[in-house]
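Since the structure comes first, as structure tokens, the remarks are kept for the end.
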Amino acid sequence: MSHLPDKTEILQWISDNPTLTSKRDIAKAFGIKGAARIDLKRILKELAEEGHLEKRRKTYSDPDRLPPVSVLQVQGQTADGELLAKPLEWQGKGVEPVVLLIPRASDPALGEGDRILARLQEVKGEAHHYEARLIRRIGTNPHKVLGIYRQGSDGGRIVPIDKGDGKEWLVSNDATGGARDGELVEAEQAGPAGRMGLPRARVVARLGDPSAPKAVSLIAIHQHGIPDDFPDEVISEADAMTPAGLDGRKDMRDMPLITIDPADARDHDDACWAHGDDDPKNEGGHVIWVAIADVAHYVRPGTALDAEARKRGNSSYFPDRVVPMLPDRLSGDLCSLHEGVPRACIAVRMQINAQGDKIGHRFERGLMRSVASLTYQQVQAAMDGAPDDQCAPLMDEVIKPLYAAHDALRKARHRRQPLDLELPERKVVLSDEGKVLSVNFTERLEAHKLIEEFMVLANVAAAEALISRKSPLLFRVHEEPAPEKLETLRDVAEAAGLVLAKGQVLKTAHLNALLHAARDTDHAEVINMSTLRSMTQAYYGPQNFGHFGLALQAYAHFTSPIRRYADLVVHRALISAHGWGDDGLSHEEEARLEATGQHISETERRSMVAERDTNDRYLAAFLSERLGEEFTGRISGVAKFGVFVRLDETGADGLIPVRSLGREFFHFDREAGTLMGSDTGLTIGLGQQVTVKLSEVAPVTGGIALELISLEGKTMPRGPRGARGSARGKPAHRKLASAKRKAAKVKRKTARGKR
């Protein structure tokens, strides 16, 4: 191209190339050079004045975009029988986009005029602009059922797996979804509930064998009593919500705020931006903006939405699904900081000096518009010298300044010395059918640490702002370890030839010295695990006892109100403290903060256990095809009934029953955390390297039984020890189930709260 394009050509090129929108990019695309650039600048200015383009600093973009989750109205069928829909929240000034509905086999029939909540995907080169997948009809909220399908002569029945639900559901022949007798199915209520006879349901998903992959997380959800079915009135309140406007808010739509999340994130509740501080008194300092979704605007005290959010306490995350704290209309749409869409927020402007110390902060209630939704991998690759088309235009103004501010924060972190544990996070990767493809250890990038430090700083600012205004709030509390736990840690350290000094006020710096001494040694994992186990459990409460693990005097959760009720409480406290509106913390809420803190601490633990149990089951299913194989690992726990081993390859935890350890009797030393052979004196303790054989797997319970092959490189004697080695004739599956119950009990005692 080497001609001056008309307005239509420019608009079409920007639409086709949304990440290359600077004047320089446009000029390069059309071969415009020299004096012709002045004419291009004039055309772009006219397009902006006419509302076709929106100038954001040095780039131009089409403001006419729909959010990834939106409310649509079905318009009817085309001549080809395809369903089209009208976007009800269209805010653009251009031509309204055409949306094509892509139905699934399990979707209910939709007719003209139906309002639906749908997930949208922008498409190019088609007669339509978006393709939509149904989430649900607006105003409908069919009751969900999870159970075993039983075939009958005139249809069938669903027997719920939840022991607390003894009511069966009738399924007519045309509503079975092809389910077979004995399959686990997901169903929903069909038609109104009648007073006489059994209620009716229709199958929406076949999950197959109750022990099959897709059933794993659903069973855990029901076993642990996690609510996964929103009441009708909650859905009705959410569906009635409309996007917040600018009234009473700071206009932050020109700020180049970006979201950085995992690649599979569906909601974005935090955005950030940083730049050098132009205050001459703060030479070399930075200004960091953190904007958080304003959930409090939509979820107000005394509403059904609020009662349900408090009941759930938090969202629960599983490898194949999320049980959200808030309905999709809020969590995936109105409260999510989607790229290019105006969204209500509560933001904090924080000043840090060149050494990374926070020297000031200010909170605002605003309206923002994210310039990009990026992933951790994208941002890190960009900083490592390989920016993609989306990151390239943002490097100088957005991404590099974020890292510059983080460099300063790292200095402050080094001085503060928060607990520096190295505990790799494992991620179960599933196929579309729910089968485990792999178990990976998540790589921790500098981009992860950047966002973590920004969020910690914002949480500190929230706590300090509310303390200074004498406002009640819920703190995130992490008290220092109990003396007896520290003694156990000292014993483990001494056994590894390391030292945790006595006779001083414990600080995280002392624990970090131990962790750093163990780093890159054979004892690193056991020292990290033992340090974690010595910690108390974090919780929420209205009294401030500090956060030991983060080495902070005051800390509150502020940055994730879409998924944590504690953060919503802090948002309301900020609203009340700043006089921003009537949707702040009510007197009734203030009076029950203690009870709220206790309740949401319990729901957090409930989710942790359910998530862990689900991962255990997936790992067991993954390993079930490898019976008889040998694996390396380290001893991660010792109990009277056996030894826990964490396998190196997957991070799965298995149990070596004490009866299978050898031909001698083993004494359990609770204080030392060891098993000692009565004849040989062989001592088995934390951190020892082992080779084990996978002897039994129970995917339904998540149990993994192992046989010890070698300990610290020395081959173990084979065979049971005397008459007791026969386990009194117990079948293998009963031994494993019993051991699994004991292991779960130990895990519950040692589970630690997330920070």
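Ligands are numbered from 1 in the order shown, residues from 1 within each chain, and chains are lettered A, B, ... in the order they appear in the structure tokens.
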- Task: Enumerate, as a PyMOL selection string, the complete set of residues in segment 66-221 of chain A that a backbone-based DSSP assignment places in alpha helix (DSSP H).
- Result: chain A and resi 216-221
Find the nearest atom pair between each residue of segment 259-299 of chain A and segment 380-399 of chain A for residues within 12 Å, count only C-alpha atoms, give distances in Å to one decimal, sort rows by chain and ascending number, and present the table as CSV.
```
residue,atom,partner,partner_atom,distance
A:Thr259,CA,A:Ile399,CA,11.2
A:Ile260,CA,A:Gln380,CA,10.4
A:Asp261,CA,A:Gln380,CA,11.8
A:Ala271,CA,A:Val398,CA,11.7
A:Cys272,CA,A:Val398,CA,9.2
A:Trp273,CA,A:Val398,CA,6.4
A:Ala274,CA,A:Val398,CA,6.9
A:His275,CA,A:Val398,CA,7.8
A:Gly276,CA,A:Glu397,CA,10.4
A:Ile288,CA,A:Val398,CA,11.1
A:Trp289,CA,A:Val398,CA,11.5
```
Dump of all heavy atoms for the selected residues, as a JSON list (two decimals), in the first residue's frame:
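What landed in part-v9.json:
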```json
[["chain", "number", "residue", "atom", "x", "y", "z"],
["A", 259, "THR", "N", -4.68, -5.86, 32.98],
["A", 259, "THR", "CA", -4.83, -7.03, 33.86],
["A", 259, "THR", "C", -3.81, -8.08, 33.44],
["A", 259, "THR", "O", -3.53, -8.24, 32.25],
["A", 259, "THR", "CB", -6.25, -7.62, 33.78],
["A", 259, "THR", "OG1", -6.50, -8.08, 32.45],
["A", 259, "THR", "CG2", -7.29, -6.58, 34.16],
["A", 260, "ILE", "N", -3.24, -8.77, 34.43],
["A", 260, "ILE", "CA", -2.29, -9.86, 34.18],
["A", 260, "ILE", "C", -2.77, -11.06, 34.98],
["A", 260, "ILE", "O", -2.82, -11.02, 36.21],
["A", 260, "ILE", "CB", -0.86, -9.47, 34.60],
["A", 260, "ILE", "CG1", -0.42, -8.16, 33.91],
["A", 260, "ILE", "CG2", 0.11, -10.59, 34.24],
["A", 260, "ILE", "CD1", 0.94, -7.67, 34.35],
["A", 261, "ASP", "N", -3.14, -12.13, 34.29],
["A", 261, "ASP", "CA", -3.77, -13.28, 34.93],
["A", 261, "ASP", "C", -3.27, -14.57, 34.30],
["A", 261, "ASP", "O", -2.60, -14.56, 33.26],
["A", 261, "ASP", "CB", -5.30, -13.19, 34.77],
["A", 261, "ASP", "CG", -5.91, -12.05, 35.56],
["A", 261, "ASP", "OD1", -5.94, -12.16, 36.80],
["A", 261, "ASP", "OD2", -6.33, -11.06, 34.93],
["A", 271, "ALA", "N", -6.34, -4.77, 38.25],
["A", 271, "ALA", "CA", -5.57, -4.19, 37.16],
["A", 271, "ALA", "C", -4.52, -3.27, 37.76],
["A", 271, "ALA", "O", -4.67, -2.80, 38.90],
["A", 271, "ALA", "CB", -6.50, -3.40, 36.22],
["A", 272, "CYS", "N", -3.45, -3.01, 37.01],
["A", 272, "CYS", "CA", -2.38, -2.19, 37.58],
["A", 272, "CYS", "C", -1.72, -1.33, 36.50],
["A", 272, "CYS", "O", -1.81, -1.61, 35.30],
["A", 272, "CYS", "CB", -1.36, -3.06, 38.29],
["A", 272, "CYS", "SG", -0.61, -4.33, 37.24],
["A", 273, "TRP", "N", -1.01, -0.31, 36.97],
["A", 273, "TRP", "CA", -0.22, 0.58, 36.12],
["A", 273, "TRP", "C", 0.80, 1.24, 37.02],
["A", 273, "TRP", "O", 0.53, 1.49, 38.21],
["A", 273, "TRP", "CB", -1.12, 1.62, 35.45],
["A", 273, "TRP", "CG", -0.38, 2.67, 34.66],
["A", 273, "TRP", "CD1", 0.62, 2.46, 33.78],
["A", 273, "TRP", "CD2", -0.60, 4.10, 34.70],
["A", 273, "TRP", "NE1", 1.06, 3.65, 33.24],
["A", 273, "TRP", "CE2", 0.32, 4.68, 33.79],
["A", 273, "TRP", "CE3", -1.48, 4.92, 35.39],
["A", 273, "TRP", "CZ2", 0.39, 6.05, 33.57],
["A", 273, "TRP", "CZ3", -1.41, 6.29, 35.17],
["A", 273, "TRP", "CH2", -0.50, 6.85, 34.27],
["A", 274, "ALA", "N", 1.97, 1.53, 36.49],
["A", 274, "ALA", "CA", 3.00, 2.22, 37.27],
["A", 274, "ALA", "C", 3.73, 3.20, 36.37],
["A", 274, "ALA", "O", 3.79, 3.03, 35.15],
["A", 274, "ALA", "CB", 3.99, 1.21, 37.86],
["A", 275, "HIS", "N", 4.27, 4.24, 37.00],
["A", 275, "HIS", "CA", 5.08, 5.22, 36.26],
["A", 275, "HIS", "C", 6.02, 5.90, 37.25],
["A", 275, "HIS", "O", 5.83, 5.84, 38.48],
["A", 275, "HIS", "CB", 4.20, 6.24, 35.54],
["A", 275, "HIS", "CG", 3.30, 7.04, 36.44],
["A", 275, "HIS", "ND1", 3.73, 8.18, 37.11],
["A", 275, "HIS", "CD2", 2.01, 6.87, 36.79],
["A", 275, "HIS", "CE1", 2.73, 8.67, 37.82],
["A", 275, "HIS", "NE2", 1.67, 7.89, 37.66],
["A", 276, "GLY", "N", 7.04, 6.54, 36.72],
["A", 276, "GLY", "CA", 7.96, 7.26, 37.57],
["A", 276, "GLY", "C", 7.27, 8.42, 38.28],
["A", 276, "GLY", "O", 6.39, 9.07, 37.72],
["A", 288, "ILE", "N", 2.38, 3.66, 41.86],
["A", 288, "ILE", "CA", 1.74, 2.40, 41.46],
["A", 288, "ILE", "C", 0.23, 2.54, 41.66],
["A", 288, "ILE", "O", -0.23, 2.89, 42.75],
["A", 288, "ILE", "CB", 2.26, 1.22, 42.30],
["A", 288, "ILE", "CG1", 3.77, 1.04, 42.11],
["A", 288, "ILE", "CG2", 1.52, -0.07, 41.93],
["A", 288, "ILE", "CD1", 4.38, 0.03, 43.06],
["A", 289, "TRP", "N", -0.51, 2.27, 40.61],
["A", 289, "TRP", "CA", -1.97, 2.23, 40.69],
["A", 289, "TRP", "C", -2.41, 0.77, 40.68],
["A", 289, "TRP", "O", -1.98, -0.01, 39.83],
["A", 289, "TRP", "CB", -2.60, 2.94, 39.51],
["A", 289, "TRP", "CG", -2.62, 4.45, 39.59],
["A", 289, "TRP", "CD1", -1.69, 5.31, 39.11],
["A", 289, "TRP", "CD2", -3.65, 5.25, 40.18],
["A", 289, "TRP", "NE1", -2.05, 6.61, 39.36],
["A", 289, "TRP", "CE2", -3.26, 6.61, 40.02],
["A", 289, "TRP", "CE3", -4.84, 4.97, 40.84],
["A", 289, "TRP", "CZ2", -4.03, 7.67, 40.49],
["A", 289, "TRP", "CZ3", -5.62, 6.02, 41.30],
["A", 289, "TRP", "CH2", -5.21, 7.35, 41.13]]
```
- Task: Counting only C-alpha atoms, figure out which residue out of A:Pro280, A:Gly225, A:Gly579, A:Pro483 gets nearest to Ser607 of chain A.
- Result: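 Smallest distance to Ser607 of chain A is found for A:Gly225.
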- Item | Contacts of segment 299-302 of chain A within 10 Å, only C-alpha atoms, excl. fewer than 4 positions in-chain, as a list of chain:residue names |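 Final neighbour list, sorted by chain and number: A:Glu237, A:Ala238, A:Met241, A:Asp294, A:Val295, A:Asp306, A:Ala307, A:Ala309, A:Leu326, A:Leu330, A:Leu568, A:Val569, A:Arg572, A:Asp582, A:Asp583, A:Gly584, A:Leu585, A:Ser586, A:Glu588, A:Glu589.
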- Query: Mind checking DSSP for segment 540-711 of chain A and telling me the strand (DSSP E) residues as a PyMOL selection string?
  - Reply: chain A and resi 540-541+630-639+642-647+653-657+666-669+674-677+683-685+689-698+703-711
Pull C-alpha atoms from the residues just selected and write them as an mmCIF file, in the first residue's frame.
```cif
data_model
loop_
_atom_site.group_PDB
_atom_site.id
_atom_site.type_symbol
_atom_site.label_atom_id
_atom_site.label_comp_id
_atom_site.auth_asym_id
_atom_site.auth_seq_id
_atom_site.Cartn_x
_atom_site.Cartn_y
_atom_site.Cartn_z
ATOM 1 C CA TYR A 540 -9.919 -13.553 59.325
ATOM 2 C CA GLY A 541 -10.830 -11.481 62.356
ATOM 3 C CA GLU A 630 9.015 -47.810 40.576
ATOM 4 C CA PHE A 631 9.258 -44.127 41.516
ATOM 5 C CA THR A 632 11.639 -41.930 43.465
ATOM 6 C CA GLY A 633 10.422 -39.642 46.205
ATOM 7 C CA ARG A 634 11.013 -38.252 49.671
ATOM 8 C CA ILE A 635 9.387 -39.042 52.979
ATOM 9 C CA SER A 636 6.944 -36.207 53.651
ATOM 10 C CA GLY A 637 5.291 -37.510 56.807
ATOM 11 C CA VAL A 638 5.628 -40.189 59.453
ATOM 12 C CA ALA A 639 2.748 -41.614 61.489
ATOM 13 C CA GLY A 642 2.899 -45.769 58.148
ATOM 14 C CA VAL A 643 5.073 -43.425 56.131
ATOM 15 C CA PHE A 644 3.927 -40.805 53.633
ATOM 16 C CA VAL A 645 6.007 -40.358 50.490
ATOM 17 C CA ARG A 646 5.790 -37.485 48.028
ATOM 18 C CA LEU A 647 6.671 -38.726 44.564
ATOM 19 C CA ASP A 653 1.388 -38.384 48.159
ATOM 20 C CA GLY A 654 1.326 -42.137 48.797
ATOM 21 C CA LEU A 655 1.363 -44.268 51.922
ATOM 22 C CA ILE A 656 3.710 -47.086 52.877
ATOM 23 C CA PRO A 657 1.761 -49.048 55.525
ATOM 24 C CA PHE A 666 8.834 -50.335 64.266
ATOM 25 C CA HIS A 667 8.515 -47.951 67.225
ATOM 26 C CA PHE A 668 6.899 -44.569 66.534
ATOM 27 C CA ASP A 669 8.540 -41.526 68.149
ATOM 28 C CA THR A 674 10.416 -41.125 63.213
ATOM 29 C CA LEU A 675 9.859 -44.867 63.029
ATOM 30 C CA MET A 676 12.694 -47.022 64.444
ATOM 31 C CA GLY A 677 13.181 -50.730 63.830
ATOM 32 C CA THR A 683 15.368 -45.039 61.558
ATOM 33 C CA ILE A 684 12.893 -43.697 59.027
ATOM 34 C CA GLY A 685 12.297 -39.932 59.140
ATOM 35 C CA GLN A 689 15.140 -40.244 49.801
ATOM 36 C CA VAL A 690 13.326 -43.419 48.819
ATOM 37 C CA THR A 691 12.534 -45.621 45.871
ATOM 38 C CA VAL A 692 9.055 -47.118 46.022
ATOM 39 C CA LYS A 693 6.853 -49.381 43.946
ATOM 40 C CA LEU A 694 3.271 -48.427 43.203
ATOM 41 C CA SER A 695 1.367 -51.343 44.702
ATOM 42 C CA GLU A 696 -2.249 -50.172 44.828
ATOM 43 C CA VAL A 697 -4.372 -47.210 43.701
ATOM 44 C CA ALA A 698 -7.971 -46.316 44.600
ATOM 45 C CA GLY A 703 -5.629 -43.454 47.992
ATOM 46 C CA ILE A 704 -2.161 -44.532 46.815
ATOM 47 C CA ALA A 705 -0.352 -47.445 48.468
ATOM 48 C CA LEU A 706 3.392 -47.904 48.028
ATOM 49 C CA GLU A 707 5.986 -50.540 48.760
ATOM 50 C CA LEU A 708 9.399 -49.417 50.023
ATOM 51 C CA ILE A 709 12.213 -50.634 47.725
ATOM 52 C CA SER A 710 15.168 -48.612 49.007
ATOM 53 C CA LEU A 711 15.910 -46.004 51.673
#
```
- State, in Å with one decimal place, the distance from atom CA of Pro67 of chain A to atom CA of Leu84 of chain A.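 These atoms are spaced 17.4 Å apart.
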- Query: Using only C-alpha atoms, which of the listed residues (A:Thr78, A:Ala482, A:Ile451, A:Phe558) sits closest to Ala463 of chain A?
  - Reply: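 Selected residue with least distance to Ala463 of chain A: A:Phe558.
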- Note on the structure: In terms of only C-alpha atoms, the residue from A:Leu246, A:Ala127, A:Val428, A:Ile352 at minimal distance from Glu283 of chain A is A:Ile352
If you take only C-alpha atoms and a cut-off of 10 Å, which residues of segment 554-595 of chain A touch segment 342-350 of chain A, and what are their nearest atom pairs and distances in Å to one decimal, in chain and number order, as a Markdown table?
```
| residue | atom | partner | partner_atom | distance |
| --- | --- | --- | --- | --- |
| A:Phe558 | CA | A:Ile346 | CA | 9.7 |
| A:Thr559 | CA | A:Ile346 | CA | 9.6 |
| A:His571 | CA | A:Ile346 | CA | 7.8 |
| A:Leu574 | CA | A:Ile346 | CA | 9.0 |
| A:Ile575 | CA | A:Ile346 | CA | 9.0 |
```
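The gap separating atom CA of Arg37 of chain A from atom CA of Ser370 of chain A is 28.8 Å, in Å to one decimal.
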- Task: Mind checking which residues fall within 8 Å of Ala304 of chain A, counting only C-alpha atoms, ignoring those fewer than 4 positions away in the same chain, and posting them as a ChimeraX atom specification?
- Result: /A:233-234,237,308
Residues near Ala620 of chain A, anyone? I mean within 9 Å using only C-alpha atoms, not counting same-chain ones fewer than 2 positions away, as a PDB file with N, CA and C atoms, in the first residue's frame.
```
ATOM      1  N   ASN A 615      -7.669 -33.100  43.753  1.00  0.00           N
ATOM      2  CA  ASN A 615      -6.351 -33.314  43.150  1.00  0.00           C
ATOM      3  C   ASN A 615      -5.829 -34.716  43.465  1.00  0.00           C
ATOM      4  N   ASP A 616      -6.058 -35.159  44.722  1.00  0.00           N
ATOM      5  CA  ASP A 616      -5.626 -36.513  45.094  1.00  0.00           C
ATOM      6  C   ASP A 616      -6.287 -37.564  44.211  1.00  0.00           C
ATOM      7  N   ARG A 617      -7.581 -37.406  43.948  1.00  0.00           N
ATOM      8  CA  ARG A 617      -8.299 -38.378  43.122  1.00  0.00           C
ATOM      9  C   ARG A 617      -7.805 -38.355  41.672  1.00  0.00           C
ATOM     10  N   TYR A 618      -7.585 -37.140  41.148  1.00  0.00           N
ATOM     11  CA  TYR A 618      -7.073 -37.046  39.779  1.00  0.00           C
ATOM     12  C   TYR A 618      -5.686 -37.676  39.668  1.00  0.00           C
ATOM     13  N   PHE A 622      -4.541 -40.858  37.451  1.00  0.00           N
ATOM     14  CA  PHE A 622      -3.416 -40.714  36.529  1.00  0.00           C
ATOM     15  C   PHE A 622      -2.402 -41.848  36.718  1.00  0.00           C
ATOM     16  N   LEU A 623      -2.180 -42.226  37.984  1.00  0.00           N
ATOM     17  CA  LEU A 623      -1.185 -43.253  38.297  1.00  0.00           C
ATOM     18  C   LEU A 623      -1.744 -44.676  38.224  1.00  0.00           C
ATOM     19  N   SER A 624      -3.064 -44.805  38.120  1.00  0.00           N
ATOM     20  CA  SER A 624      -3.670 -46.139  38.178  1.00  0.00           C
ATOM     21  C   SER A 624      -3.229 -47.031  37.019  1.00  0.00           C
ATOM     22  N   ALA A 652       2.470 -36.405  43.890  1.00  0.00           N
ATOM     23  CA  ALA A 652       1.420 -37.179  44.556  1.00  0.00           C
ATOM     24  C   ALA A 652       1.942 -37.736  45.878  1.00  0.00           C
ATOM     25  N   VAL A 697      -3.797 -48.535  43.916  1.00  0.00           N
ATOM     26  CA  VAL A 697      -4.372 -47.210  43.701  1.00  0.00           C
ATOM     27  C   VAL A 697      -5.884 -47.317  43.795  1.00  0.00           C
ATOM     28  N   ALA A 698      -6.505 -46.365  44.492  1.00  0.00           N
ATOM     29  CA  ALA A 698      -7.971 -46.316  44.600  1.00  0.00           C
ATOM     30  C   ALA A 698      -8.436 -44.933  44.151  1.00  0.00           C
ATOM     31  N   PRO A 699      -8.695 -44.743  42.843  1.00  0.00           N
ATOM     32  CA  PRO A 699      -9.081 -43.419  42.352  1.00  0.00           C
ATOM     33  C   PRO A 699     -10.317 -42.841  43.023  1.00  0.00           C
ATOM     34  N   VAL A 700     -11.255 -43.706  43.435  1.00  0.00           N
ATOM     35  CA  VAL A 700     -12.490 -43.205  44.048  1.00  0.00           C
ATOM     36  C   VAL A 700     -12.195 -42.448  45.336  1.00  0.00           C
ATOM     37  N   THR A 701     -11.227 -42.926  46.121  1.00  0.00           N
ATOM     38  CA  THR A 701     -10.880 -42.248  47.373  1.00  0.00           C
ATOM     39  C   THR A 701      -9.635 -41.385  47.248  1.00  0.00           C
ATOM     40  N   GLY A 702      -8.853 -41.587  46.181  1.00  0.00           N
ATOM     41  CA  GLY A 702      -7.598 -40.860  46.042  1.00  0.00           C
ATOM     42  C   GLY A 702      -6.451 -41.534  46.757  1.00  0.00           C
ATOM     43  N   GLY A 703      -6.656 -42.750  47.235  1.00  0.00           N
ATOM     44  CA  GLY A 703      -5.629 -43.454  47.992  1.00  0.00           C
ATOM     45  C   GLY A 703      -4.561 -44.063  47.100  1.00  0.00           C
ATOM     46  N   ILE A 704      -3.298 -43.945  47.528  1.00  0.00           N
ATOM     47  CA  ILE A 704      -2.161 -44.532  46.815  1.00  0.00           C
ATOM     48  C   ILE A 704      -1.327 -45.304  47.819  1.00  0.00           C
TER      49      ILE A 704
END
```
- Task: May I have the residues within 8 Å of Lys7 of chain A as JSON, numbers by chain, using only C-alpha atoms and disregarding those fewer than 3 positions away in the same chain?
- Result: {"A": [10, 11, 43, 47]}
Once you have the residues from the selection above, write them out as a PDB file, in the first residue's frame, restricted to all heavy atoms.
```
ATOM      1  N   ILE A  10      -9.352   2.977   6.884  1.00  0.00           N
ATOM      2  CA  ILE A  10      -8.648   3.051   8.177  1.00  0.00           C
ATOM      3  C   ILE A  10      -9.409   2.287   9.245  1.00  0.00           C
ATOM      4  O   ILE A  10      -8.825   1.509  10.015  1.00  0.00           O
ATOM      5  CB  ILE A  10      -8.453   4.527   8.595  1.00  0.00           C
ATOM      6  CG1 ILE A  10      -7.446   5.210   7.666  1.00  0.00           C
ATOM      7  CG2 ILE A  10      -7.972   4.613  10.059  1.00  0.00           C
ATOM      8  CD1 ILE A  10      -7.257   6.680   7.934  1.00  0.00           C
ATOM      9  N   LEU A  11     -10.721   2.492   9.298  1.00  0.00           N
ATOM     10  CA  LEU A  11     -11.531   1.793  10.301  1.00  0.00           C
ATOM     11  C   LEU A  11     -11.460   0.279  10.106  1.00  0.00           C
ATOM     12  O   LEU A  11     -11.364  -0.483  11.079  1.00  0.00           O
ATOM     13  CB  LEU A  11     -12.987   2.277  10.238  1.00  0.00           C
ATOM     14  CG  LEU A  11     -13.252   3.695  10.754  1.00  0.00           C
ATOM     15  CD1 LEU A  11     -14.705   4.088  10.493  1.00  0.00           C
ATOM     16  CD2 LEU A  11     -12.957   3.786  12.244  1.00  0.00           C
ATOM     17  N   ILE A  43      -7.063  13.009   9.417  1.00  0.00           N
ATOM     18  CA  ILE A  43      -8.147  12.029   9.251  1.00  0.00           C
ATOM     19  C   ILE A  43      -8.422  11.308  10.574  1.00  0.00           C
ATOM     20  O   ILE A  43      -9.582  11.106  10.959  1.00  0.00           O
ATOM     21  CB  ILE A  43      -7.791  11.019   8.143  1.00  0.00           C
ATOM     22  CG1 ILE A  43      -7.707  11.733   6.787  1.00  0.00           C
ATOM     23  CG2 ILE A  43      -8.823   9.897   8.088  1.00  0.00           C
ATOM     24  CD1 ILE A  43      -7.220  10.841   5.649  1.00  0.00           C
ATOM     25  N   LEU A  47     -11.904  11.226  12.731  1.00  0.00           N
ATOM     26  CA  LEU A  47     -12.561   9.983  13.144  1.00  0.00           C
ATOM     27  C   LEU A  47     -12.807   9.955  14.641  1.00  0.00           C
ATOM     28  O   LEU A  47     -13.846   9.465  15.106  1.00  0.00           O
ATOM     29  CB  LEU A  47     -11.709   8.778  12.721  1.00  0.00           C
ATOM     30  CG  LEU A  47     -11.734   8.412  11.235  1.00  0.00           C
ATOM     31  CD1 LEU A  47     -10.664   7.371  10.937  1.00  0.00           C
ATOM     32  CD2 LEU A  47     -13.109   7.886  10.839  1.00  0.00           C
TER      33      LEU A  47
END
```
